[in-house]
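J.: My structure is stored as start-v4.txt, with compact mmCIF, C-alpha atoms and all ligand atoms.
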```txt
# COMPACT_ATOMS: atom_id res chain seq x y z
CA MET T 1 -22.35 -99.62 -82.09
CA ALA T 2 -25.69 -97.92 -82.55
CA MET T 3 -25.62 -96.70 -86.14
CA GLU T 4 -28.23 -93.99 -86.55
CA ARG T 5 -29.41 -91.53 -89.16
CA THR T 6 -30.36 -87.98 -88.30
CA TYR T 7 -31.97 -85.11 -90.18
CA LEU T 8 -29.93 -81.90 -90.24
CA MET T 9 -30.77 -78.67 -92.00
CA VAL T 10 -28.78 -75.48 -92.51
CA LYS T 11 -31.54 -72.91 -92.05
CA PRO T 12 -32.09 -69.85 -94.30
CA ASP T 13 -29.84 -67.60 -92.17
CA GLY T 14 -26.98 -70.11 -92.44
CA VAL T 15 -27.39 -70.25 -96.22
CA GLN T 16 -27.58 -66.45 -96.59
CA ARG T 17 -24.49 -66.00 -94.42
CA GLY T 18 -22.45 -68.44 -96.52
CA LEU T 19 -22.07 -71.00 -93.74
CA CYS T 20 -23.27 -74.18 -95.52
CA GLY T 21 -19.75 -75.36 -96.24
CA GLU T 22 -18.43 -74.51 -92.79
CA ILE T 23 -21.30 -76.31 -91.06
CA LEU T 24 -21.26 -79.42 -93.25
CA SER T 25 -17.48 -79.53 -92.98
CA ARG T 26 -17.68 -79.80 -89.18
CA PHE T 27 -19.90 -82.88 -89.44
CA GLU T 28 -17.73 -84.44 -92.13
CA LYS T 29 -14.55 -83.88 -90.12
CA LYS T 30 -16.18 -85.37 -87.04
CA GLY T 31 -16.71 -88.61 -88.95
CA LEU T 32 -20.39 -88.46 -89.85
CA LYS T 33 -21.27 -89.92 -93.23
CA ILE T 34 -23.40 -88.01 -95.76
CA VAL T 35 -26.38 -90.15 -96.78
CA ALA T 36 -28.47 -87.51 -98.57
CA ALA T 37 -28.42 -83.79 -99.37
CA LYS T 38 -30.89 -81.43 -101.01
CA PHE T 39 -30.95 -77.65 -101.53
CA MET T 40 -34.51 -76.37 -101.49
CA VAL T 41 -37.02 -73.74 -100.42
CA ILE T 42 -39.42 -75.43 -98.00
CA PRO T 43 -43.11 -75.04 -98.98
CA LYS T 44 -45.25 -73.69 -96.10
CA ALA T 45 -47.24 -76.95 -95.80
CA VAL T 46 -44.02 -78.96 -95.44
CA ALA T 47 -42.71 -76.51 -92.83
CA GLU T 48 -45.96 -76.90 -90.87
CA SER T 49 -45.60 -80.68 -90.96
CA HIS T 50 -41.94 -80.55 -89.90
CA TYR T 51 -42.61 -78.19 -86.98
CA GLY T 52 -46.04 -79.63 -86.08
CA GLU T 53 -45.03 -80.16 -82.42
CA HIS T 54 -44.72 -76.38 -82.01
CA LYS T 55 -48.17 -75.47 -83.42
CA GLY T 56 -49.96 -73.11 -81.03
CA LYS T 57 -46.78 -71.71 -79.43
CA LYS T 58 -46.25 -67.98 -79.62
CA PHE T 59 -43.22 -68.26 -81.90
CA TYR T 60 -44.87 -70.75 -84.31
CA ASP T 61 -45.95 -68.30 -87.05
CA SER T 62 -42.58 -66.56 -87.20
CA LEU T 63 -40.82 -69.95 -87.14
CA ILE T 64 -42.81 -71.13 -90.17
CA SER T 65 -42.21 -67.94 -92.15
CA TYR T 66 -38.49 -67.90 -91.25
CA ILE T 67 -37.86 -71.52 -92.24
CA SER T 68 -39.71 -70.96 -95.56
CA SER T 69 -38.10 -67.56 -96.25
CA GLY T 70 -35.22 -68.83 -98.41
CA PRO T 71 -33.32 -71.94 -99.35
CA VAL T 72 -32.12 -74.48 -96.82
CA LEU T 73 -29.56 -77.26 -97.12
CA ALA T 74 -31.33 -80.46 -96.04
CA LEU T 75 -29.08 -83.33 -94.99
CA VAL T 76 -29.23 -86.88 -93.72
CA LEU T 77 -26.11 -87.88 -91.81
CA GLU T 78 -25.22 -91.30 -90.41
CA GLY T 79 -22.98 -92.44 -87.61
CA ASP T 80 -22.74 -94.17 -84.25
CA GLY T 81 -25.10 -92.24 -81.96
CA ALA T 82 -25.53 -89.65 -84.72
CA VAL T 83 -28.63 -87.99 -83.24
CA ALA T 84 -27.01 -87.04 -79.92
CA VAL T 85 -23.60 -86.38 -81.46
CA CYS T 86 -25.08 -83.84 -83.90
CA ARG T 87 -27.27 -82.21 -81.23
CA GLY T 88 -24.15 -81.71 -79.13
CA MET T 89 -22.29 -80.14 -82.06
CA MET T 90 -25.24 -77.78 -82.71
CA GLY T 91 -25.41 -76.39 -79.17
CA LYS T 92 -28.43 -75.24 -77.20
CA THR T 93 -31.52 -73.78 -78.90
CA ASN T 94 -30.62 -70.26 -77.72
CA PRO T 95 -27.23 -69.37 -79.27
CA GLN T 96 -26.44 -67.09 -76.32
CA GLU T 97 -26.56 -70.17 -74.06
CA SER T 98 -24.68 -72.42 -76.51
CA ALA T 99 -21.11 -73.27 -75.63
CA PRO T 100 -18.30 -71.83 -77.74
CA GLY T 101 -17.19 -74.54 -80.15
CA THR T 102 -20.75 -75.46 -81.05
CA ILE T 103 -22.31 -74.25 -84.30
CA ARG T 104 -24.92 -72.06 -82.61
CA GLY T 105 -22.41 -70.97 -79.98
CA ASP T 106 -19.88 -69.88 -82.58
CA TYR T 107 -22.15 -68.29 -85.19
CA GLY T 108 -25.51 -67.30 -83.69
CA MET T 109 -26.89 -64.49 -81.53
CA VAL T 110 -30.65 -65.13 -81.15
CA THR T 111 -33.00 -68.14 -80.93
CA GLY T 112 -34.99 -67.06 -83.98
CA MET T 113 -31.83 -67.17 -86.16
CA ASN T 114 -30.05 -70.23 -84.81
CA LEU T 115 -28.64 -71.50 -88.08
CA ILE T 116 -29.30 -75.20 -87.90
CA HIS T 117 -31.94 -77.82 -87.22
CA GLY T 118 -31.17 -81.31 -85.97
CA SER T 119 -33.46 -84.18 -84.95
CA ASP T 120 -33.85 -84.59 -81.19
CA SER T 121 -34.43 -88.39 -81.11
CA PRO T 122 -34.15 -91.38 -83.46
CA GLU T 123 -37.97 -91.33 -83.73
CA SER T 124 -37.98 -87.65 -84.75
CA ALA T 125 -35.17 -88.39 -87.19
CA ALA T 126 -37.19 -91.10 -88.95
CA ARG T 127 -40.21 -88.81 -89.17
CA GLU T 128 -38.24 -85.80 -90.43
CA ILE T 129 -36.17 -87.79 -92.95
CA SER T 130 -39.42 -89.12 -94.46
CA ILE T 131 -40.77 -85.56 -94.80
CA PHE T 132 -37.79 -84.31 -96.81
CA PHE T 133 -36.47 -87.38 -98.66
CA LYS T 134 -37.86 -90.31 -100.61
CA PRO T 135 -36.39 -93.69 -99.58
CA GLU T 136 -34.50 -93.93 -102.90
CA GLU T 137 -32.77 -90.59 -102.23
CA LEU T 138 -30.95 -92.08 -99.21
CA VAL T 139 -27.68 -93.32 -100.70
CA GLU T 140 -26.18 -96.62 -99.56
CA TYR T 141 -22.41 -96.83 -100.06
CA ALA T 142 -19.24 -98.06 -98.37
CA ARG T 143 -16.86 -95.38 -97.10
CA SER T 144 -13.21 -96.38 -97.07
CA SER T 145 -12.36 -94.06 -94.16
CA ASP T 146 -14.75 -95.88 -91.81
CA SER T 147 -11.99 -98.29 -90.78
CA TRP T 148 -10.04 -95.24 -89.49
CA ILE T 149 -13.04 -93.71 -87.70
CA TYR T 150 -14.53 -96.76 -85.94
CA GLU T 151 -12.72 -99.52 -84.04
P1 LIG G 201 -34.26 -77.03 -81.38
O1 LIG G 201 -34.17 -76.37 -82.75
O2 LIG G 201 -33.03 -76.77 -80.56
O3 LIG G 201 -34.61 -78.50 -81.47
P2 LIG G 201 -37.01 -76.56 -80.56
O4 LIG G 201 -37.36 -77.83 -81.27
O5 LIG G 201 -37.48 -76.40 -79.16
O6 LIG G 201 -35.43 -76.31 -80.58
O7 LIG G 201 -37.59 -75.32 -81.38
C1 LIG G 201 -37.54 -75.32 -82.80
C2 LIG G 201 -37.13 -73.94 -83.26
O8 LIG G 201 -38.12 -73.01 -82.89
C3 LIG G 201 -35.84 -73.43 -82.64
O9 LIG G 201 -34.69 -73.88 -83.32
C4 LIG G 201 -36.03 -71.95 -82.73
C5 LIG G 201 -37.52 -71.76 -82.53
N1 LIG G 201 -37.81 -71.50 -81.10
C6 LIG G 201 -37.86 -72.39 -80.09
N2 LIG G 201 -38.14 -71.81 -78.92
C7 LIG G 201 -38.30 -70.49 -79.21
C8 LIG G 201 -38.60 -69.34 -78.44
N3 LIG G 201 -38.82 -69.42 -77.12
N4 LIG G 201 -38.65 -68.15 -79.07
C9 LIG G 201 -38.45 -68.04 -80.39
N5 LIG G 201 -38.16 -69.10 -81.19
C10 LIG G 201 -38.09 -70.29 -80.61
MG MG G 202 -36.34 -79.41 -82.10
```
The structure given in the file should be rewritten as structure tokens.

T.:
Amino acid sequence: MAMERTYLMVKPDGVQRGLCGEILSRFEKKGLKIVAAKFMVIPKAVAESHYGEHKGKKFYDSLISYISSGPVLALVLEGDGAVAVCRGMMGKTNPQESAPGTIRGDYGMVTGMNLIHGSDSPESAAREISIFFKPEELVEYARSSDSWIYE
């Protein structure tokens, strides 16, 4: 098994629309383990660090103001292949191209309001987790259901 951690975030539109529980519930039911959670408004400087790879693109300024426009639910989830598993559950960046059954496919209409962020590689996950959480905020614990999720 390749146990991984990934950074997920219910974006401000997901919070405002009351979808935090629905979205987190999907990941929990899938078998992902919650390692950390935080409800926060992202300061502009933190948003710019998180989305640094997009600096200079035409949507960058609106992306930064959108992600800082209200509270987000920041999460670290763990599981076998967690990065790719969560990306698959999120759906494509444009919700109109996301398959039904994915989070963006079921709840979103436009790219600029696509409900959820998820790390796109284990390297991105490590970088993003370190932006939003201190090492001591990542909780180590045994989960009794693991023996019914993994062989
Ligand atoms: P993803 O969130 O699927 O990893 P990304 O990293 O390419 O996608 O882009 C980050 C966010 O930026 C994305 O969730 C929504 C916004 N975005 C990306 N491409 C865009 C575009 N062409 N127009 C408007 N917003 C865009
Ligand atoms: Mg991305």

J.: Would you compute the distance between atom O1 of ligand LIG 201 (chain G) and CA of Phe39 in chain T? Give it in Å to one decimal.

T.: 19.1 Å

J.: Step by step, gather every atom of ligand LIG 201 (chain G) that the file lists, find the box along x, y and z that holds them, add 3 Å on each side, and finally give centre and edge lengths in Å to one decimal, as lines of an AutoDock Vina configuration file.

T.:
```
center_x = -35.9
center_y = -73.3
center_z = -80.2
size_x = 11.8
size_y = 16.5
size_z = 12.2
```

J.: Taking into account all atoms listed in the file, which residue in the set T:Asp120, T:Arg127, T:Val110, T:Met9 is nearest to ligand MG 202 (chain G)?

T.: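 When distances to ligand MG 202 (chain G) are compared using all atoms listed in the file, the smallest one comes from T:Asp120.
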
J.: Ranking T:Asp80, T:Glu22, T:Glu53, T:Asp13 by minimum distance to ligand LIG 201 (chain G) and counting all atoms listed in the file, which one comes first?

T.: T:Glu53

J.: Might you pull out every residue within 9 Å of Lys33 in chain T, with all atoms listed in the file counted and same-chain residues fewer than 4 positions away left off, and present them as a list in words?

T.: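 Here the qualifying residues turn out to be Phe27, Glu28, Val76, Leu77, Glu78, Gly79, Arg143 and Asp146 of chain T.
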
J.: Within 8 Å of (-20.8, -75.2, -84.7) (coordinates as in the file), grab all the protein and nucleic acid residues, counting only C-alpha atoms, and write them out as an MDAnalysis selection string.

T.: chainID T and resid 23 26 89:91 101:107

J.: Name the residues, by chain letter and number, that sit within 6 Å of ligand LIG 201 (chain G) using only C-alpha atoms and all ligand atoms, and give them as an MDAnalysis selection string.

T.: chainID T and resid 59 63 92:93 111:112 117
